[in-house]
Amino acid sequence: MADFPHRGGSTVLGMIHLRPLPGTPFHQDGTFDETLASAVRSAVALERGGADGALVQTVDRVYSVADESDPARTAAMGLIVDAVNRATGDGFHVGVQMMRQAVSASLAVAKVAGGSFVRVGALVGQTLSAHGMVTPDPLRIMEYRRKIAGEGIGLIADIDSMHFSWFGGGKSTAEVARAARGAGADAVALCHRDDDTTLRMIDAVRAAAPDLPVILAGHTHHGNAARLLAAADGAFVGSCLEREGWGSEIDAARVEQYMDAVRRAPR
């Protein structure tokens, strides 16, 4: 994925949480146009506030744990990502994550609609989710990325976060990072509610894989962004940028305040 995100930067990627999409059980007919418009407004707010990009993420409430997606859902996601991409500038990075594990569909949307990266909740090992055991197939993922000539689409893999925890124990965060890199991850995502624990996790990954970019997978806010992003290479940022809490639209002023805090981070 070329140099994004690159080691030593402070890449801030705002989370755009979508309403349930067509082809999913909790989608409400007639809401798609507003879902698309809301996503575009949030993306524009992120760009105006100085963020580097956005991750467009499905919030469909219930998910298959397989690498699959309903065709209507995939088409809807493509329309949204295309609209977000068209509404923002060339330097604004647009990512795709179709939860829970629809990695192939996410790659397809990114390739066709102009996304620059995908976030993968599980690339190696297994993780237990509320919807069942997620067992990724890294060979299938990497073969599909090659099939669609998507090598330029970055792959950010969660390795220790609210989306992934190595099932069965026996693997440290650093070991999972090495495994993910070996499987083809361009960067890894991790987080913990405790800031000191997060910093120790980053240090461990740095020691195990010095050139691998580390993205914070959550739990950053205006109060800890400077400290955490002094150690990490970037962050997925959600709730603290949203106007009315998790799942609402992004507020440009909150983004600007967050970016001000990031700029105070010593490098």
# chains A, B, ... in the order shown; residues from 1 in each chain; ligands from 1
call {"tool": "residues_around", "arguments": {"residues": "Ile159 of chain A", "least_positions_apart": "3", "cutoff": "8 Å", "atoms": "only C-alpha atoms", "output": "list in words"}}
result
Ala122, Phe164, Ser165, Trp166, Thr173, Val176, Ala177, Ala180, Val188, Ala189 and Leu190 of chain A
call {"tool": "residues_around", "arguments": {"residues": "Gly23 of chain A", "least_positions_apart": "4", "cutoff": "7 Å", "atoms": "only C-alpha atoms", "output": "tab-separated table (two decimals) with C-alpha atoms, in the first residue's frame"}}
result
chain	number	residue	atom	x	y	z
A	70	ASP	CA	-25.15	-10.11	0.45
A	72	ALA	CA	-27.31	-5.72	-2.17
A	73	ARG	CA	-25.18	-4.90	0.85
call {"tool": "atom_distance", "arguments": {"atom1": "atom CA of Val214 of chain A", "atom2": "atom CA of Met259 of chain A"}}
result
18.2 Å
call {"tool": "residues_around", "arguments": {"residues": "Ala37 of chain A", "least_positions_apart": "4", "cutoff": "12 Å", "atoms": "only C-alpha atoms", "output": "PDB file with C-alpha atoms, in the first residue's frame"}}
result
ATOM      1  CA  ILE A  16     -17.933   6.671   9.659  1.00  0.00           C
ATOM      2  CA  LEU A  18     -23.276   3.403   8.812  1.00  0.00           C
ATOM      3  CA  ARG A  19     -26.883   2.482   9.497  1.00  0.00           C
ATOM      4  CA  THR A  31     -33.280   4.894   4.607  1.00  0.00           C
ATOM      5  CA  PHE A  32     -30.405   4.264   2.229  1.00  0.00           C
ATOM      6  CA  ASP A  33     -30.314   7.718   0.619  1.00  0.00           C
ATOM      7  CA  ARG A  41     -21.334  14.844   5.425  1.00  0.00           C
ATOM      8  CA  SER A  42     -19.153  13.055   7.978  1.00  0.00           C
ATOM      9  CA  ALA A  43     -16.352  12.578   5.458  1.00  0.00           C
ATOM     10  CA  VAL A  44     -16.428  16.256   4.507  1.00  0.00           C
ATOM     11  CA  LEU A  79     -22.186   3.500  -3.730  1.00  0.00           C
ATOM     12  CA  ILE A  80     -21.371   5.027  -0.337  1.00  0.00           C
ATOM     13  CA  VAL A  81     -17.603   4.682  -0.688  1.00  0.00           C
ATOM     14  CA  ASP A  82     -17.746   6.104  -4.210  1.00  0.00           C
ATOM     15  CA  ALA A  83     -19.760   9.105  -2.963  1.00  0.00           C
ATOM     16  CA  VAL A  84     -17.353   9.687  -0.071  1.00  0.00           C
ATOM     17  CA  ALA A  87     -16.752  14.400  -2.084  1.00  0.00           C
ATOM     18  CA  GLU A 249     -22.355  12.275  12.405  1.00  0.00           C
TER      19      GLU A 249
END
call {"tool": "select_by_dssp", "arguments": {"residues": "segment 79-220 of chain A", "states": "strand (DSSP E or B)", "output": "list of chain:residue names"}}
result
A:His93, A:Val94, A:Gly95, A:Val96, A:Gln97, A:Phe117, A:Val118, A:Arg119, A:Val120, A:Thr127, A:Leu128, A:Ser129, A:Gly132, A:Met133, A:Val134, A:Gly154, A:Leu155, A:Ile156, A:Ala157, A:Asp158, A:Ile159, A:Asp160, A:Ala187, A:Val188, A:Ala189, A:Leu190, A:Val214, A:Ile215, A:Leu216
call {"tool": "write_last_selection", "arguments": {"atoms": "N, CA, C and O atoms", "output": "short mmCIF file (atom, residue, chain, number, x, y, z; two decimals), in the first residue's frame"}}
result
data_model
loop_
_atom_site.label_atom_id
_atom_site.label_comp_id
_atom_site.auth_asym_id
_atom_site.auth_seq_id
_atom_site.Cartn_x
_atom_site.Cartn_y
_atom_site.Cartn_z
N HIS A 93 -7.68 9.73 2.45
CA HIS A 93 -7.70 8.28 2.29
C HIS A 93 -9.03 7.71 2.77
O HIS A 93 -9.46 7.96 3.89
N VAL A 94 -9.66 6.92 1.93
CA VAL A 94 -10.96 6.31 2.24
C VAL A 94 -10.78 4.81 2.40
O VAL A 94 -10.31 4.13 1.48
N GLY A 95 -11.14 4.30 3.57
CA GLY A 95 -11.03 2.88 3.86
C GLY A 95 -12.39 2.21 3.94
O GLY A 95 -13.42 2.86 4.09
N VAL A 96 -12.37 0.88 3.85
CA VAL A 96 -13.59 0.08 3.82
C VAL A 96 -13.48 -1.04 4.84
O VAL A 96 -12.46 -1.73 4.90
N GLN A 97 -14.52 -1.22 5.64
CA GLN A 97 -14.61 -2.39 6.51
C GLN A 97 -16.05 -2.86 6.55
O GLN A 97 -16.91 -2.24 7.16
N PHE A 117 -7.62 1.62 1.36
CA PHE A 117 -7.25 0.56 2.30
C PHE A 117 -8.50 -0.13 2.81
O PHE A 117 -9.62 0.37 2.68
N VAL A 118 -8.29 -1.31 3.40
CA VAL A 118 -9.35 -2.02 4.11
C VAL A 118 -8.84 -2.35 5.50
O VAL A 118 -7.63 -2.50 5.72
N ARG A 119 -9.77 -2.44 6.43
CA ARG A 119 -9.45 -2.90 7.78
C ARG A 119 -10.01 -4.31 7.93
O ARG A 119 -11.16 -4.56 7.60
N VAL A 120 -9.17 -5.20 8.43
CA VAL A 120 -9.53 -6.61 8.55
C VAL A 120 -9.60 -6.98 10.03
O VAL A 120 -8.60 -6.90 10.74
N THR A 127 -10.70 -15.75 16.35
CA THR A 127 -11.20 -14.92 17.44
C THR A 127 -12.67 -15.22 17.65
O THR A 127 -13.41 -15.46 16.69
N LEU A 128 -13.10 -15.22 18.90
CA LEU A 128 -14.49 -15.50 19.24
C LEU A 128 -15.26 -14.20 19.29
O LEU A 128 -14.91 -13.28 20.04
N SER A 129 -16.31 -14.09 18.48
CA SER A 129 -17.14 -12.89 18.45
C SER A 129 -18.52 -13.21 19.00
O SER A 129 -18.86 -14.37 19.25
N GLY A 132 -20.20 -15.74 16.79
CA GLY A 132 -19.57 -17.03 16.54
C GLY A 132 -18.08 -16.92 16.34
O GLY A 132 -17.50 -15.83 16.42
N MET A 133 -17.43 -18.04 16.09
CA MET A 133 -15.99 -18.08 15.91
C MET A 133 -15.62 -17.56 14.52
O MET A 133 -16.14 -18.02 13.51
N VAL A 134 -14.72 -16.61 14.50
CA VAL A 134 -14.22 -16.07 13.24
C VAL A 134 -12.90 -16.79 12.91
O VAL A 134 -11.94 -16.71 13.69
N GLY A 154 -4.23 -0.98 0.74
CA GLY A 154 -3.59 -1.34 2.00
C GLY A 154 -4.46 -2.24 2.85
O GLY A 154 -5.69 -2.18 2.80
N LEU A 155 -3.81 -3.07 3.64
CA LEU A 155 -4.53 -4.01 4.50
C LEU A 155 -4.07 -3.78 5.94
O LEU A 155 -2.91 -4.04 6.28
N ILE A 156 -4.97 -3.25 6.76
CA ILE A 156 -4.69 -3.00 8.18
C ILE A 156 -5.39 -4.07 9.00
O ILE A 156 -6.62 -4.18 8.96
N ALA A 157 -4.64 -4.89 9.71
CA ALA A 157 -5.19 -6.04 10.42
C ALA A 157 -5.23 -5.80 11.92
O ALA A 157 -4.21 -5.43 12.53
N ASP A 158 -6.40 -6.02 12.52
CA ASP A 158 -6.49 -5.97 13.98
C ASP A 158 -5.74 -7.17 14.56
O ASP A 158 -5.87 -8.30 14.08
N ILE A 159 -4.96 -6.90 15.62
CA ILE A 159 -4.20 -7.99 16.25
C ILE A 159 -4.47 -8.12 17.74
O ILE A 159 -4.19 -9.15 18.34
N ASP A 160 -5.04 -7.07 18.34
CA ASP A 160 -5.38 -7.11 19.77
C ASP A 160 -6.27 -5.90 20.05
O ASP A 160 -5.78 -4.80 20.28
N ALA A 187 -0.14 -2.98 7.84
CA ALA A 187 -0.11 -2.31 9.13
C ALA A 187 -0.98 -3.13 10.07
O ALA A 187 -1.79 -3.95 9.63
N VAL A 188 -0.82 -2.90 11.37
CA VAL A 188 -1.63 -3.61 12.35
C VAL A 188 -2.33 -2.61 13.26
O VAL A 188 -1.89 -1.48 13.43
N ALA A 189 -3.46 -3.04 13.82
CA ALA A 189 -4.26 -2.19 14.69
C ALA A 189 -4.41 -2.85 16.05
O ALA A 189 -4.65 -4.06 16.14
N LEU A 190 -4.25 -2.06 17.10
CA LEU A 190 -4.36 -2.58 18.46
C LEU A 190 -4.88 -1.49 19.37
O LEU A 190 -4.82 -0.29 19.05
N VAL A 214 1.88 0.85 13.27
CA VAL A 214 0.93 0.47 14.32
C VAL A 214 -0.16 1.54 14.39
O VAL A 214 0.14 2.72 14.64
N ILE A 215 -1.39 1.12 14.20
CA ILE A 215 -2.54 2.02 14.24
C ILE A 215 -3.36 1.72 15.49
O ILE A 215 -3.62 0.55 15.80
N LEU A 216 -3.76 2.75 16.20
CA LEU A 216 -4.61 2.57 17.38
C LEU A 216 -6.03 2.23 16.93
O LEU A 216 -6.60 2.94 16.09
#
call {"tool": "closest_residue", "arguments": {"among": "A:Ala225, A:Asp186, A:Thr197, A:Arg86", "to": "His6 of chain A", "atoms": "only C-alpha atoms"}}
result
A:Asp186
call {"tool": "atom_distance", "arguments": {"atom1": "atom CA of Ala110 of chain A", "atom2": "atom CA of Gly50 of chain A"}}
result
22.3 Å
call {"tool": "select_by_dssp", "arguments": {"residues": "segment 147-176 of chain A", "states": "alpha helix (DSSP H)", "output": "list in words"}}
result
Lys147, Thr173, Ala174, Glu175 and Val176 of chain A
call {"tool": "write_last_selection", "arguments": {"atoms": "N, CA, C and O atoms", "output": "CSV table (one decimal), in the first residue's frame"}}
result
chain,number,residue,atom,x,y,z
A,147,LYS,N,-6.0,-11.3,-7.4
A,147,LYS,CA,-6.9,-11.5,-8.5
A,147,LYS,C,-7.5,-10.2,-9.0
A,147,LYS,O,-7.6,-10.1,-10.3
A,173,THR,N,0.8,-10.3,21.8
A,173,THR,CA,0.4,-9.3,20.8
A,173,THR,C,1.6,-9.2,19.7
A,173,THR,O,1.3,-9.1,18.5
A,174,ALA,N,2.8,-9.2,20.2
A,174,ALA,CA,3.9,-9.1,19.3
A,174,ALA,C,4.0,-10.3,18.3
A,174,ALA,O,4.3,-10.1,17.1
A,175,GLU,N,3.7,-11.4,18.8
A,175,GLU,CA,3.7,-12.6,18.0
A,175,GLU,C,2.6,-12.6,16.9
A,175,GLU,O,2.8,-13.0,15.8
A,176,VAL,N,1.4,-12.1,17.3
A,176,VAL,CA,0.3,-12.0,16.4
A,176,VAL,C,0.7,-10.9,15.3
A,176,VAL,O,0.4,-11.1,14.1
call {"tool": "closest_residue", "arguments": {"among": "A:Thr135, A:Phe26, A:Arg263, A:Thr74", "to": "Arg61 of chain A", "atoms": "only C-alpha atoms"}}
result
A:Phe26
call {"tool": "closest_residue", "arguments": {"among": "A:Ala113, A:Val103, A:Ala253, A:Ala207", "to": "Pro136 of chain A", "atoms": "only C-alpha atoms"}}
result
A:Val103
call {"tool": "closest_atom_pairs", "arguments": {"of": "segment 22-52 of chain A", "to": "segment 228-246 of chain A", "cutoff": "10 Å", "atoms": "only C-alpha atoms", "output": "JSON lines"}}
result
{"residue": "A:Ser42", "atom": "CA", "partner": "A:Glu242", "partner_atom": "CA", "distance": 8.7}
{"residue": "A:Ala45", "atom": "CA", "partner": "A:Leu241", "partner_atom": "CA", "distance": 9.7}
{"residue": "A:Leu46", "atom": "CA", "partner": "A:Leu241", "partner_atom": "CA", "distance": 8.8}
{"residue": "A:Ala51", "atom": "CA", "partner": "A:Val237", "partner_atom": "CA", "distance": 9.8}
{"residue": "A:Asp52", "atom": "CA", "partner": "A:Gly234", "partner_atom": "CA", "distance": 9.6}
call {"tool": "write_last_selection", "arguments": {"atoms": "all heavy atoms", "output": "short mmCIF file (atom, residue, chain, number, x, y, z; two decimals), in the first residue's frame"}}
result
data_model
loop_
_atom_site.label_atom_id
_atom_site.label_comp_id
_atom_site.auth_asym_id
_atom_site.auth_seq_id
_atom_site.Cartn_x
_atom_site.Cartn_y
_atom_site.Cartn_z
N SER A 42 -20.19 13.38 6.99
CA SER A 42 -19.15 13.05 7.98
C SER A 42 -17.76 13.08 7.35
O SER A 42 -16.80 13.56 7.95
CB SER A 42 -19.42 11.68 8.60
OG SER A 42 -20.47 11.73 9.53
N ALA A 45 -16.71 16.63 6.91
CA ALA A 45 -16.34 17.20 8.21
C ALA A 45 -14.96 16.74 8.63
O ALA A 45 -14.16 17.53 9.17
CB ALA A 45 -17.37 16.80 9.26
N LEU A 46 -14.64 15.48 8.39
CA LEU A 46 -13.31 14.98 8.72
C LEU A 46 -12.24 15.71 7.91
O LEU A 46 -11.21 16.11 8.46
CB LEU A 46 -13.24 13.47 8.44
CG LEU A 46 -13.92 12.58 9.47
CD1 LEU A 46 -14.12 11.18 8.91
CD2 LEU A 46 -13.10 12.52 10.76
N ALA A 51 -8.40 15.79 9.34
CA ALA A 51 -8.07 14.36 9.41
C ALA A 51 -7.48 13.89 8.09
O ALA A 51 -7.66 14.50 7.04
CB ALA A 51 -9.31 13.55 9.75
N ASP A 52 -6.76 12.77 8.16
CA ASP A 52 -6.09 12.24 6.98
C ASP A 52 -6.99 11.35 6.14
O ASP A 52 -6.69 11.08 4.97
CB ASP A 52 -4.86 11.43 7.41
CG ASP A 52 -3.87 12.29 8.17
OD1 ASP A 52 -3.20 13.12 7.53
OD2 ASP A 52 -3.78 12.14 9.41
#
call {"tool": "residues_around", "arguments": {"residues": "Tyr144 of chain A", "least_positions_apart": "5", "cutoff": "9 Å", "atoms": "only C-alpha atoms", "output": "compact mmCIF listing (two decimals) with N, CA, C and O atoms, in the first residue's frame"}}
result
# COMPACT_ATOMS: atom_id res chain seq x y z
N SER A 104 -13.23 -10.00 1.39
CA SER A 104 -13.21 -10.00 -0.08
C SER A 104 -14.13 -8.91 -0.63
O SER A 104 -13.75 -8.18 -1.56
N LEU A 107 -12.47 -5.54 -0.10
CA LEU A 107 -11.44 -5.31 -1.11
C LEU A 107 -12.06 -4.94 -2.45
O LEU A 107 -11.58 -4.03 -3.15
N ALA A 108 -13.14 -5.63 -2.82
CA ALA A 108 -13.80 -5.34 -4.09
C ALA A 108 -14.35 -3.92 -4.11
O ALA A 108 -14.18 -3.19 -5.11
N LEU A 139 -4.80 -16.98 3.10
CA LEU A 139 -4.45 -17.33 1.72
C LEU A 139 -5.53 -16.86 0.76
O LEU A 139 -5.23 -16.24 -0.28
N ALA A 149 -6.11 -7.30 -8.86
CA ALA A 149 -5.03 -6.32 -9.01
C ALA A 149 -5.15 -5.24 -7.94
O ALA A 149 -5.03 -4.04 -8.21
N GLY A 150 -5.38 -5.71 -6.70
CA GLY A 150 -5.57 -4.79 -5.59
C GLY A 150 -4.38 -4.68 -4.66
O GLY A 150 -4.55 -4.30 -3.49
call {"tool": "closest_residue", "arguments": {"among": "A:Gly114, A:Ala102, A:Thr11, A:Val65", "to": "Gly89 of chain A", "atoms": "only C-alpha atoms"}}
result
A:Gly114
call {"tool": "closest_residue", "arguments": {"among": "A:Ala54, A:Ala76, A:Met201, A:Ala208", "to": "Ser116 of chain A", "atoms": "only C-alpha atoms"}}
result
A:Ala54
call {"tool": "atom_distance", "arguments": {"atom1": "atom CA of Ser248 of chain A", "atom2": "atom CA of Ala217 of chain A"}}
result
18.6 Å
call {"tool": "closest_residue", "arguments": {"among": "A:Arg145, A:Arg178, A:His17, A:Arg264", "to": "Met77 of chain A", "atoms": "only C-alpha atoms"}}
result
A:His17
